[in-house]
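Visitor: Pasting coords33.csv below, which is CSV, N, CA and C atoms.
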```
chain,number,residue,atom,x,y,z
T,1,MET,N,-55.7,-109.4,-28.0
T,1,MET,CA,-56.5,-110.0,-27.0
T,1,MET,C,-56.7,-109.1,-25.8
T,2,LYS,N,-55.6,-108.4,-25.4
T,2,LYS,CA,-55.6,-107.5,-24.3
T,2,LYS,C,-56.5,-106.3,-24.6
T,3,ILE,N,-56.5,-105.8,-25.8
T,3,ILE,CA,-57.3,-104.7,-26.2
T,3,ILE,C,-58.8,-105.0,-26.1
T,4,THR,N,-59.2,-106.2,-26.6
T,4,THR,CA,-60.6,-106.5,-26.6
T,4,THR,C,-61.1,-106.8,-25.2
T,5,MET,N,-60.2,-107.3,-24.3
T,5,MET,CA,-60.6,-107.4,-22.9
T,5,MET,C,-60.8,-106.1,-22.2
T,6,THR,N,-60.0,-105.1,-22.5
T,6,THR,CA,-60.1,-103.8,-22.0
T,6,THR,C,-61.4,-103.1,-22.5
T,7,LYS,N,-61.7,-103.3,-23.8
T,7,LYS,CA,-62.9,-102.8,-24.4
T,7,LYS,C,-64.2,-103.3,-23.7
T,8,TRP,N,-64.1,-104.6,-23.5
T,8,TRP,CA,-65.3,-105.3,-22.8
T,8,TRP,C,-65.4,-104.8,-21.4
T,9,SER,N,-64.3,-104.5,-20.7
T,9,SER,CA,-64.4,-104.0,-19.3
T,9,SER,C,-65.0,-102.6,-19.3
T,10,VAL,N,-64.5,-101.8,-20.2
T,10,VAL,CA,-65.0,-100.4,-20.3
T,10,VAL,C,-66.5,-100.4,-20.6
T,11,LEU,N,-66.9,-101.2,-21.6
T,11,LEU,CA,-68.3,-101.3,-22.0
T,11,LEU,C,-69.2,-101.8,-20.9
T,12,THR,N,-68.7,-102.8,-20.1
T,12,THR,CA,-69.4,-103.3,-19.0
T,12,THR,C,-69.6,-102.2,-17.9
T,13,LEU,N,-68.5,-101.5,-17.6
T,13,LEU,CA,-68.6,-100.4,-16.6
T,13,LEU,C,-69.6,-99.3,-17.1
T,14,ILE,N,-69.6,-99.0,-18.3
T,14,ILE,CA,-70.5,-97.9,-18.8
T,14,ILE,C,-72.0,-98.4,-18.7
T,15,LEU,N,-72.2,-99.7,-19.1
T,15,LEU,CA,-73.6,-100.2,-18.9
T,15,LEU,C,-74.0,-100.3,-17.5
T,16,LEU,N,-73.1,-100.6,-16.6
T,16,LEU,CA,-73.5,-100.7,-15.2
T,16,LEU,C,-73.8,-99.3,-14.6
T,17,ALA,N,-73.0,-98.3,-15.1
T,17,ALA,CA,-73.2,-96.9,-14.6
T,17,ALA,C,-74.6,-96.4,-15.0
T,18,PHE,N,-75.0,-96.7,-16.3
T,18,PHE,CA,-76.3,-96.2,-16.7
T,18,PHE,C,-77.4,-97.0,-16.1
T,19,SER,N,-77.3,-98.2,-15.9
T,19,SER,CA,-78.3,-99.0,-15.3
T,19,SER,C,-78.4,-98.8,-13.8
T,20,ALA,N,-77.4,-98.4,-13.1
T,20,ALA,CA,-77.4,-98.1,-11.7
T,20,ALA,C,-78.2,-96.9,-11.4
T,21,LYS,N,-78.3,-96.0,-12.3
T,21,LYS,CA,-79.2,-94.8,-12.1
T,21,LYS,C,-80.6,-95.2,-12.0
T,22,LYS,N,-81.1,-96.2,-12.7
T,22,LYS,CA,-82.5,-96.5,-12.6
T,22,LYS,C,-82.8,-97.5,-11.5
T,23,ILE,N,-81.9,-98.1,-11.0
T,23,ILE,CA,-82.1,-99.1,-9.9
T,23,ILE,C,-82.3,-98.4,-8.6
T,24,CYS,N,-83.4,-98.7,-7.9
T,24,CYS,CA,-83.6,-98.2,-6.6
T,24,CYS,C,-83.6,-99.4,-5.6
T,25,ALA,N,-82.6,-99.4,-4.8
T,25,ALA,CA,-82.5,-100.6,-3.9
T,25,ALA,C,-83.5,-100.4,-2.7
T,26,GLN,N,-83.7,-99.2,-2.2
T,26,GLN,CA,-84.6,-99.1,-1.0
T,26,GLN,C,-85.3,-97.8,-1.2
T,27,GLU,N,-86.5,-97.8,-0.7
T,27,GLU,CA,-87.3,-96.6,-0.6
T,27,GLU,C,-87.8,-96.6,0.9
T,28,SER,N,-87.6,-95.5,1.5
T,28,SER,CA,-88.0,-95.5,3.0
T,28,SER,C,-88.9,-94.4,3.3
T,29,LYS,N,-89.9,-94.7,4.1
T,29,LYS,CA,-90.7,-93.7,4.7
T,29,LYS,C,-90.7,-93.9,6.2
T,30,VAL,N,-90.1,-93.0,6.9
T,30,VAL,CA,-89.8,-93.1,8.3
T,30,VAL,C,-91.0,-92.4,9.1
T,31,THR,N,-91.5,-93.2,10.0
T,31,THR,CA,-92.5,-92.6,10.9
T,31,THR,C,-92.0,-92.7,12.3
T,32,VAL,N,-91.9,-91.6,13.0
T,32,VAL,CA,-91.4,-91.5,14.4
T,32,VAL,C,-92.6,-91.5,15.3
T,33,ASN,N,-92.6,-92.4,16.2
T,33,ASN,CA,-93.6,-92.4,17.3
T,33,ASN,C,-93.0,-91.9,18.5
T,34,GLN,N,-93.3,-90.7,18.9
T,34,GLN,CA,-92.6,-90.1,20.1
T,34,GLN,C,-93.5,-89.9,21.2
T,35,ASP,N,-93.1,-90.3,22.4
T,35,ASP,CA,-93.9,-90.2,23.6
T,35,ASP,C,-94.0,-88.7,23.9
T,36,PRO,N,-95.2,-88.2,24.2
T,36,PRO,CA,-95.4,-86.8,24.5
T,36,PRO,C,-94.6,-86.3,25.7
T,37,LYS,N,-94.3,-87.1,26.6
T,37,LYS,CA,-93.5,-86.7,27.7
T,37,LYS,C,-92.0,-86.3,27.3
T,38,PHE,N,-91.6,-86.8,26.1
T,38,PHE,CA,-90.3,-86.5,25.7
T,38,PHE,C,-90.1,-85.0,25.5
T,39,GLU,N,-91.1,-84.4,24.8
T,39,GLU,CA,-91.0,-82.9,24.6
T,39,GLU,C,-91.0,-82.2,25.9
T,40,GLN,N,-91.7,-82.7,26.9
T,40,GLN,CA,-91.8,-82.0,28.2
T,40,GLN,C,-90.4,-82.1,28.9
T,41,LEU,N,-89.8,-83.3,28.8
T,41,LEU,CA,-88.4,-83.5,29.4
T,41,LEU,C,-87.4,-82.6,28.7
T,42,LEU,N,-87.5,-82.5,27.3
T,42,LEU,CA,-86.6,-81.7,26.6
T,42,LEU,C,-86.8,-80.2,27.0
T,43,THR,N,-88.0,-79.7,27.2
T,43,THR,CA,-88.2,-78.4,27.7
T,43,THR,C,-87.6,-78.2,29.1
T,44,GLU,N,-87.7,-79.1,30.0
T,44,GLU,CA,-87.1,-79.0,31.3
T,44,GLU,C,-85.6,-79.0,31.2
T,45,LYS,N,-85.0,-79.8,30.3
T,45,LYS,CA,-83.6,-79.8,30.1
T,45,LYS,C,-83.1,-78.5,29.6
T,46,ARG,N,-83.8,-77.9,28.7
T,46,ARG,CA,-83.4,-76.6,28.2
T,46,ARG,C,-83.4,-75.6,29.3
T,47,LYS,N,-84.5,-75.6,30.1
T,47,LYS,CA,-84.6,-74.7,31.2
T,47,LYS,C,-83.4,-74.9,32.2
T,48,ILE,N,-83.1,-76.1,32.5
T,48,ILE,CA,-82.0,-76.4,33.5
T,48,ILE,C,-80.7,-75.9,32.9
T,49,ASN,N,-80.4,-76.2,31.6
T,49,ASN,CA,-79.2,-75.8,31.0
T,49,ASN,C,-79.0,-74.2,31.0
T,50,SER,N,-80.1,-73.5,30.7
T,50,SER,CA,-80.0,-72.1,30.7
T,50,SER,C,-79.8,-71.5,32.1
T,51,SER,N,-80.2,-72.2,33.1
T,51,SER,CA,-80.0,-71.7,34.5
T,51,SER,C,-78.6,-72.1,35.0
T,52,LEU,N,-77.9,-72.9,34.3
T,52,LEU,CA,-76.6,-73.3,34.8
T,52,LEU,C,-75.5,-72.3,34.4
T,53,THR,N,-75.8,-71.4,33.5
T,53,THR,CA,-74.8,-70.4,33.2
T,53,THR,C,-74.7,-69.4,34.3
T,54,ILE,N,-73.6,-69.2,34.9
T,54,ILE,CA,-73.5,-68.4,36.1
T,54,ILE,C,-72.6,-67.2,35.8
T,55,THR,N,-71.9,-67.1,34.7
T,55,THR,CA,-71.1,-66.0,34.5
T,55,THR,C,-71.9,-64.8,33.9
T,56,ASP,N,-71.6,-63.6,34.2
T,56,ASP,CA,-72.3,-62.4,33.7
T,56,ASP,C,-73.7,-62.4,34.0
T,57,ARG,N,-74.1,-63.1,35.1
T,57,ARG,CA,-75.5,-63.0,35.5
T,57,ARG,C,-75.6,-62.7,37.0
T,58,TYR,N,-76.7,-62.1,37.4
T,58,TYR,CA,-76.9,-61.8,38.8
T,58,TYR,C,-77.8,-62.8,39.4
T,59,LYS,N,-77.6,-63.1,40.7
T,59,LYS,CA,-78.5,-64.0,41.5
T,59,LYS,C,-78.8,-63.4,42.8
T,60,ILE,N,-79.8,-63.9,43.5
T,60,ILE,CA,-80.1,-63.5,44.8
T,60,ILE,C,-79.9,-64.6,45.8
T,61,GLN,N,-79.1,-64.4,46.8
T,61,GLN,CA,-78.9,-65.5,47.8
T,61,GLN,C,-79.9,-65.2,48.9
T,62,ILE,N,-80.8,-66.2,49.2
T,62,ILE,CA,-81.8,-66.0,50.2
T,62,ILE,C,-81.4,-66.8,51.5
T,63,PHE,N,-80.5,-67.7,51.4
T,63,PHE,CA,-80.1,-68.5,52.6
T,63,PHE,C,-78.7,-68.9,52.5
T,64,SER,N,-78.1,-69.0,53.7
T,64,SER,CA,-76.7,-69.6,53.8
T,64,SER,C,-76.6,-70.3,55.2
T,65,GLY,N,-76.4,-71.6,55.1
T,65,GLY,CA,-76.3,-72.4,56.4
T,65,GLY,C,-76.2,-73.9,56.1
T,66,GLU,N,-76.9,-74.7,56.9
T,66,GLU,CA,-76.8,-76.1,56.9
T,66,GLU,C,-77.7,-76.7,55.8
T,67,SER,N,-77.5,-78.0,55.5
T,67,SER,CA,-78.2,-78.6,54.4
T,67,SER,C,-79.7,-78.7,54.5
T,68,GLU,N,-80.2,-79.2,55.7
T,68,GLU,CA,-81.6,-79.4,55.8
T,68,GLU,C,-82.4,-78.1,55.8
T,69,PRO,N,-82.0,-77.1,56.5
T,69,PRO,CA,-82.7,-75.8,56.4
T,69,PRO,C,-82.6,-75.2,55.0
T,70,ALA,N,-81.5,-75.4,54.3
T,70,ALA,CA,-81.4,-74.9,52.9
T,70,ALA,C,-82.5,-75.6,52.0
T,71,LYS,N,-82.6,-76.9,52.2
T,71,LYS,CA,-83.6,-77.7,51.4
T,71,LYS,C,-85.0,-77.2,51.8
T,72,LYS,N,-85.3,-76.9,53.0
T,72,LYS,CA,-86.6,-76.4,53.5
T,72,LYS,C,-86.9,-75.0,52.9
T,73,THR,N,-85.9,-74.2,52.9
T,73,THR,CA,-86.0,-72.8,52.4
T,73,THR,C,-86.3,-72.8,50.9
T,74,LEU,N,-85.6,-73.7,50.2
T,74,LEU,CA,-85.8,-73.7,48.8
T,74,LEU,C,-87.2,-74.3,48.5
T,75,GLY,N,-87.6,-75.3,49.2
T,75,GLY,CA,-89.0,-75.9,49.0
T,75,GLY,C,-90.0,-74.8,49.3
T,76,ASP,N,-89.9,-74.1,50.4
T,76,ASP,CA,-90.9,-73.1,50.7
T,76,ASP,C,-90.9,-72.0,49.6
T,77,PHE,N,-89.7,-71.6,49.2
T,77,PHE,CA,-89.6,-70.6,48.1
T,77,PHE,C,-90.3,-71.0,46.8
T,78,ARG,N,-90.1,-72.3,46.4
T,78,ARG,CA,-90.7,-72.8,45.2
T,78,ARG,C,-92.2,-72.8,45.3
T,79,LYS,N,-92.7,-73.1,46.5
T,79,LYS,CA,-94.2,-73.1,46.6
T,79,LYS,C,-94.8,-71.7,46.4
T,80,GLU,N,-94.1,-70.7,47.0
T,80,GLU,CA,-94.6,-69.3,46.9
T,80,GLU,C,-94.3,-68.6,45.6
T,81,PHE,N,-93.1,-68.8,45.1
T,81,PHE,CA,-92.7,-68.1,43.9
T,81,PHE,C,-92.4,-69.1,42.8
T,82,LYS,N,-93.4,-69.5,42.0
T,82,LYS,CA,-93.3,-70.6,41.1
T,82,LYS,C,-92.6,-70.1,39.8
T,83,ASN,N,-92.5,-68.8,39.5
T,83,ASN,CA,-91.9,-68.4,38.2
T,83,ASN,C,-90.4,-68.1,38.3
T,84,TYR,N,-89.8,-68.3,39.5
T,84,TYR,CA,-88.4,-68.2,39.7
T,84,TYR,C,-87.7,-69.5,39.8
T,85,ASP,N,-86.6,-69.6,39.2
T,85,ASP,CA,-85.8,-70.9,39.4
T,85,ASP,C,-84.9,-70.7,40.6
T,86,GLY,N,-84.6,-71.8,41.3
T,86,GLY,CA,-83.7,-71.7,42.5
T,86,GLY,C,-82.9,-73.0,42.5
T,87,THR,N,-81.7,-72.8,43.2
T,87,THR,CA,-80.8,-74.0,43.3
T,87,THR,C,-80.1,-73.9,44.6
T,88,ILE,N,-79.6,-75.0,45.1
T,88,ILE,CA,-78.7,-75.0,46.3
T,88,ILE,C,-77.3,-75.2,45.8
T,89,VAL,N,-76.4,-74.4,46.3
T,89,VAL,CA,-75.0,-74.5,46.0
T,89,VAL,C,-74.2,-74.7,47.2
T,90,PHE,N,-73.3,-75.7,47.1
T,90,PHE,CA,-72.5,-76.0,48.3
T,90,PHE,C,-71.1,-75.4,48.2
T,91,ASN,N,-70.8,-74.5,49.1
T,91,ASN,CA,-69.4,-73.9,49.2
T,91,ASN,C,-69.0,-74.2,50.6
T,92,THR,N,-67.9,-75.0,50.7
T,92,THR,CA,-67.5,-75.5,52.0
T,92,THR,C,-67.4,-74.4,53.0
T,93,PRO,N,-68.0,-74.5,54.2
T,93,PRO,CA,-68.8,-75.5,54.8
T,93,PRO,C,-70.3,-75.2,54.8
T,94,VAL,N,-70.8,-74.3,53.9
T,94,VAL,CA,-72.2,-73.9,54.0
T,94,VAL,C,-72.9,-74.2,52.7
T,95,TYR,N,-74.2,-74.4,52.8
T,95,TYR,CA,-75.1,-74.5,51.7
T,95,TYR,C,-75.8,-73.2,51.4
T,96,LYS,N,-75.8,-72.8,50.2
T,96,LYS,CA,-76.4,-71.5,49.8
T,96,LYS,C,-77.6,-71.7,48.9
T,97,VAL,N,-78.7,-71.0,49.1
T,97,VAL,CA,-79.8,-71.0,48.2
T,97,VAL,C,-79.8,-69.8,47.3
T,98,TRP,N,-79.6,-70.0,46.0
T,98,TRP,CA,-79.5,-68.9,45.0
T,98,TRP,C,-80.8,-68.9,44.2
T,99,ILE,N,-81.3,-67.8,43.9
T,99,ILE,CA,-82.6,-67.6,43.2
T,99,ILE,C,-82.3,-66.8,42.0
T,100,GLY,N,-83.0,-67.1,40.9
T,100,GLY,CA,-83.0,-66.3,39.7
T,100,GLY,C,-81.7,-66.4,38.8
T,101,ASN,N,-81.8,-65.8,37.7
T,101,ASN,CA,-80.7,-65.7,36.7
T,101,ASN,C,-80.9,-64.4,35.9
T,102,PHE,N,-80.6,-63.3,36.6
T,102,PHE,CA,-80.9,-62.0,36.0
T,102,PHE,C,-79.8,-61.4,35.2
T,103,LYS,N,-80.2,-60.9,34.0
T,103,LYS,CA,-79.2,-60.4,33.1
T,103,LYS,C,-78.6,-59.0,33.6
T,104,THR,N,-79.5,-58.2,34.1
T,104,THR,CA,-79.0,-56.9,34.5
T,104,THR,C,-79.1,-56.7,36.0
T,105,ARG,N,-78.3,-55.8,36.5
T,105,ARG,CA,-78.3,-55.5,37.9
T,105,ARG,C,-79.7,-54.8,38.3
T,106,ILE,N,-80.2,-54.0,37.5
T,106,ILE,CA,-81.5,-53.3,37.8
T,106,ILE,C,-82.6,-54.3,38.0
T,107,GLU,N,-82.7,-55.3,37.1
T,107,GLU,CA,-83.7,-56.3,37.2
T,107,GLU,C,-83.5,-57.1,38.5
T,108,ALA,N,-82.3,-57.4,38.8
T,108,ALA,CA,-82.0,-58.2,40.1
T,108,ALA,C,-82.3,-57.4,41.3
T,109,GLU,N,-82.0,-56.1,41.3
T,109,GLU,CA,-82.3,-55.3,42.5
T,109,GLU,C,-83.8,-55.1,42.7
T,110,ARG,N,-84.6,-55.0,41.6
T,110,ARG,CA,-86.1,-54.9,41.7
T,110,ARG,C,-86.6,-56.2,42.4
T,111,ASN,N,-86.1,-57.3,42.0
T,111,ASN,CA,-86.5,-58.6,42.6
T,111,ASN,C,-86.0,-58.7,44.0
T,112,LEU,N,-84.8,-58.2,44.3
T,112,LEU,CA,-84.3,-58.3,45.6
T,112,LEU,C,-85.1,-57.5,46.6
T,113,ASN,N,-85.6,-56.3,46.2
T,113,ASN,CA,-86.4,-55.5,47.1
T,113,ASN,C,-87.7,-56.2,47.4
T,114,MET,N,-88.3,-56.9,46.4
T,114,MET,CA,-89.5,-57.7,46.7
T,114,MET,C,-89.3,-58.9,47.6
T,115,LEU,N,-88.1,-59.6,47.4
T,115,LEU,CA,-87.8,-60.8,48.2
T,115,LEU,C,-87.4,-60.4,49.6
T,116,LYS,N,-86.9,-59.2,49.8
T,116,LYS,CA,-86.4,-58.9,51.2
T,116,LYS,C,-87.6,-58.8,52.2
T,117,LYS,N,-88.8,-58.6,51.7
T,117,LYS,CA,-89.9,-58.6,52.6
T,117,LYS,C,-90.1,-60.0,53.3
T,118,LYS,N,-89.9,-61.0,52.5
T,118,LYS,CA,-90.0,-62.4,53.0
T,118,LYS,C,-88.7,-62.9,53.6
T,119,TYR,N,-87.6,-62.6,52.9
T,119,TYR,CA,-86.3,-63.0,53.3
T,119,TYR,C,-85.4,-61.8,53.6
T,120,PRO,N,-85.4,-61.3,54.9
T,120,PRO,CA,-84.6,-60.1,55.2
T,120,PRO,C,-83.1,-60.2,55.0
T,121,ASN,N,-82.6,-61.4,55.0
T,121,ASN,CA,-81.1,-61.6,54.8
T,121,ASN,C,-80.7,-61.8,53.4
T,122,ALA,N,-81.6,-61.6,52.5
T,122,ALA,CA,-81.3,-61.8,51.0
T,122,ALA,C,-80.3,-60.8,50.6
T,123,LEU,N,-79.4,-61.2,49.7
T,123,LEU,CA,-78.4,-60.3,49.1
T,123,LEU,C,-78.2,-60.6,47.7
T,124,LEU,N,-77.8,-59.6,47.0
T,124,LEU,CA,-77.5,-59.7,45.5
T,124,LEU,C,-76.1,-60.2,45.3
T,125,ILE,N,-75.9,-61.2,44.5
T,125,ILE,CA,-74.6,-61.7,44.2
T,125,ILE,C,-74.4,-61.8,42.7
T,126,ARG,N,-73.1,-61.8,42.3
T,126,ARG,CA,-72.7,-62.1,40.9
T,126,ARG,C,-71.6,-63.1,41.0
T,127,PRO,N,-72.0,-64.4,41.0
T,127,PRO,CA,-71.0,-65.5,41.1
T,127,PRO,C,-70.1,-65.6,39.9
T,128,ASN,N,-68.8,-65.9,40.2
T,128,ASN,CA,-67.9,-66.2,39.2
T,128,ASN,C,-67.7,-67.6,39.0
T,129,LYS,N,-67.3,-68.0,37.8
T,129,LYS,CA,-67.1,-69.4,37.4
T,129,LYS,C,-66.0,-70.0,38.2
```
Could you express the structure from this file as structure tokens?

Guide:
Amino acid sequence: MKITMTKWSVLTLILLAFSAKKICAQESKVTVNQDPKFEQLLTEKRKINSSLTITDRYKIQIFSGESEPAKKTLGDFRKEFKNYDGTIVFNTPVYKVWIGNFKTRIEAERNLNMLKKKYPNALLIRPNK
């Protein structure tokens, strides 16, 4: 009796295994409707993330002082030089406006010479983390 029960169990499992191959429970076709602004936001996010790396990069400091003049300086800079990124960094007790994210010192010095015409107090820095 025990042997026949085991045979039936094995036979049932084999039949289920072969029939499960042919059974398709679900077929899916996924369509993603994505807002076009999502790609724009993703591009901006990538740009911001790349500008956050501060080690082994050179930056140009164009302002050091209080908060409101720092914001005004950065705003004026962005209007005139649209292809550079800029940020305000707070180091107690002053706000600093840093421009660019230059890989080499030569590249940074070329841009520094150009920016010194408008911002005579600009200086080249290499911030540490």

Visitor: Excluding segment 117-129 of chain T and any residue of its chain fewer than 2 positions from it, enumerate the residues within 5 Å of it, using all atoms listed in the file, and give them as a PyMOL selection string.

Guide: chain T and resi 57-62+114-115

Visitor: Tell me which of T:Lys29, T:Lys47, T:Lys96, T:Lys37 sits closest to Thr73 of chain T, counting only C-alpha atoms.

Guide: T:Lys96

Visitor: How many Å lie between atom CA of Asn91 of chain T and atom CA of Leu74 of chain T, rounded to one decimal?

Guide: 16.4 Å

Visitor: Using atom C of Lys103 of chain T and atom C of Phe63 of chain T as the two end points, give the distance in Å to one decimal.

Guide: 21.3 Å

Visitor: Taking the chain letters and numbering used in this document, name the residues of segment 7-112 of chain T that DSSP puts in strand (DSSP E), as a PyMOL selection string.

Guide: chain T and resi 58-65+86-91+94-102

Visitor: Mind listing the alpha helix (DSSP H) residues of segment 1-115 of chain T, per DSSP on the backbone, as a PyMOL selection string?

Guide: chain T and resi 2-22+36-52+67-80+105-115

Visitor: For the atom pair atom C of Gly65 of chain T and atom N of Val89 of chain T, what is the interatomic distance in Å to one decimal place?

Guide: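 About the pair atom C of Gly65 of chain T and atom N of Val89 of chain T: they are 9.8 Å apart.
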
Visitor: Let me make sure I understand: among T:Ile88, T:Val32, T:Leu112, T:Ile48, which one has the smallest atom-to-atom distance to Ala70 of chain T if we use only C-alpha atoms?

Guide: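 Once distances to Ala70 of chain T are computed over only C-alpha atoms, the minimum belongs to T:Ile88.
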
Visitor: May I ask you to restore all heavy atoms in segment 90-99 of chain T and write the result as a CSV table (one decimal), keeping the file's coordinate frame?

Guide:
```
chain,number,residue,atom,x,y,z
T,90,PHE,N,-73.3,-75.7,47.1
T,90,PHE,CA,-72.5,-76.0,48.3
T,90,PHE,C,-71.1,-75.4,48.2
T,90,PHE,O,-70.3,-75.7,47.2
T,90,PHE,CB,-72.3,-77.5,48.5
T,90,PHE,CG,-71.5,-77.9,49.6
T,90,PHE,CD1,-71.9,-77.7,50.9
T,90,PHE,CD2,-70.2,-78.5,49.4
T,90,PHE,CE1,-71.1,-78.1,52.0
T,90,PHE,CE2,-69.4,-78.9,50.5
T,90,PHE,CZ,-69.8,-78.7,51.8
T,91,ASN,N,-70.8,-74.5,49.1
T,91,ASN,CA,-69.4,-73.9,49.2
T,91,ASN,C,-69.0,-74.2,50.6
T,91,ASN,O,-69.6,-73.7,51.6
T,91,ASN,CB,-69.4,-72.4,49.0
T,91,ASN,CG,-69.7,-72.0,47.5
T,91,ASN,OD1,-69.4,-72.8,46.6
T,91,ASN,ND2,-70.2,-70.8,47.3
T,92,THR,N,-67.9,-75.0,50.7
T,92,THR,CA,-67.5,-75.5,52.0
T,92,THR,C,-67.4,-74.4,53.0
T,92,THR,O,-66.8,-73.3,52.8
T,92,THR,CB,-66.1,-76.1,51.9
T,92,THR,OG1,-66.2,-77.1,50.8
T,92,THR,CG2,-65.6,-76.8,53.1
T,93,PRO,N,-68.0,-74.5,54.2
T,93,PRO,CA,-68.8,-75.5,54.8
T,93,PRO,C,-70.3,-75.2,54.8
T,93,PRO,O,-71.0,-75.8,55.5
T,93,PRO,CB,-68.3,-75.5,56.2
T,93,PRO,CG,-68.0,-74.1,56.5
T,93,PRO,CD,-67.6,-73.5,55.2
T,94,VAL,N,-70.8,-74.3,53.9
T,94,VAL,CA,-72.2,-73.9,54.0
T,94,VAL,C,-72.9,-74.2,52.7
T,94,VAL,O,-72.3,-74.3,51.6
T,94,VAL,CB,-72.3,-72.4,54.3
T,94,VAL,CG1,-71.8,-72.1,55.7
T,94,VAL,CG2,-71.6,-71.5,53.3
T,95,TYR,N,-74.2,-74.4,52.8
T,95,TYR,CA,-75.1,-74.5,51.7
T,95,TYR,C,-75.8,-73.2,51.4
T,95,TYR,O,-76.2,-72.5,52.4
T,95,TYR,CB,-76.2,-75.6,52.0
T,95,TYR,CG,-75.6,-77.0,52.0
T,95,TYR,CD1,-75.1,-77.5,53.2
T,95,TYR,CD2,-75.6,-77.8,50.9
T,95,TYR,CE1,-74.6,-78.7,53.3
T,95,TYR,CE2,-75.1,-79.1,51.0
T,95,TYR,CZ,-74.6,-79.6,52.1
T,95,TYR,OH,-74.1,-80.8,52.2
T,96,LYS,N,-75.8,-72.8,50.2
T,96,LYS,CA,-76.4,-71.5,49.8
T,96,LYS,C,-77.6,-71.7,48.9
T,96,LYS,O,-77.5,-72.5,48.0
T,96,LYS,CB,-75.4,-70.6,49.2
T,96,LYS,CG,-74.2,-70.3,50.1
T,96,LYS,CD,-73.2,-69.5,49.4
T,96,LYS,CE,-72.0,-69.2,50.4
T,96,LYS,NZ,-71.0,-68.4,49.7
T,97,VAL,N,-78.7,-71.0,49.1
T,97,VAL,CA,-79.8,-71.0,48.2
T,97,VAL,C,-79.8,-69.8,47.3
T,97,VAL,O,-79.9,-68.7,47.8
T,97,VAL,CB,-81.1,-71.1,49.0
T,97,VAL,CG1,-82.3,-71.1,48.0
T,97,VAL,CG2,-81.2,-72.3,49.9
T,98,TRP,N,-79.6,-70.0,46.0
T,98,TRP,CA,-79.5,-68.9,45.0
T,98,TRP,C,-80.8,-68.9,44.2
T,98,TRP,O,-81.3,-70.0,43.7
T,98,TRP,CB,-78.3,-69.1,44.1
T,98,TRP,CG,-77.0,-68.9,44.7
T,98,TRP,CD1,-76.8,-68.4,46.0
T,98,TRP,CD2,-75.7,-69.1,44.1
T,98,TRP,NE1,-75.4,-68.3,46.2
T,98,TRP,CE2,-74.8,-68.7,45.1
T,98,TRP,CE3,-75.3,-69.6,42.9
T,98,TRP,CZ2,-73.4,-68.8,44.8
T,98,TRP,CZ3,-74.0,-69.7,42.7
T,98,TRP,CH2,-73.0,-69.3,43.6
T,99,ILE,N,-81.3,-67.8,43.9
T,99,ILE,CA,-82.6,-67.6,43.2
T,99,ILE,C,-82.3,-66.8,42.0
T,99,ILE,O,-81.6,-65.8,42.0
T,99,ILE,CB,-83.6,-66.9,44.1
T,99,ILE,CG1,-83.8,-67.7,45.4
T,99,ILE,CG2,-84.9,-66.7,43.4
T,99,ILE,CD1,-84.2,-69.1,45.2
```
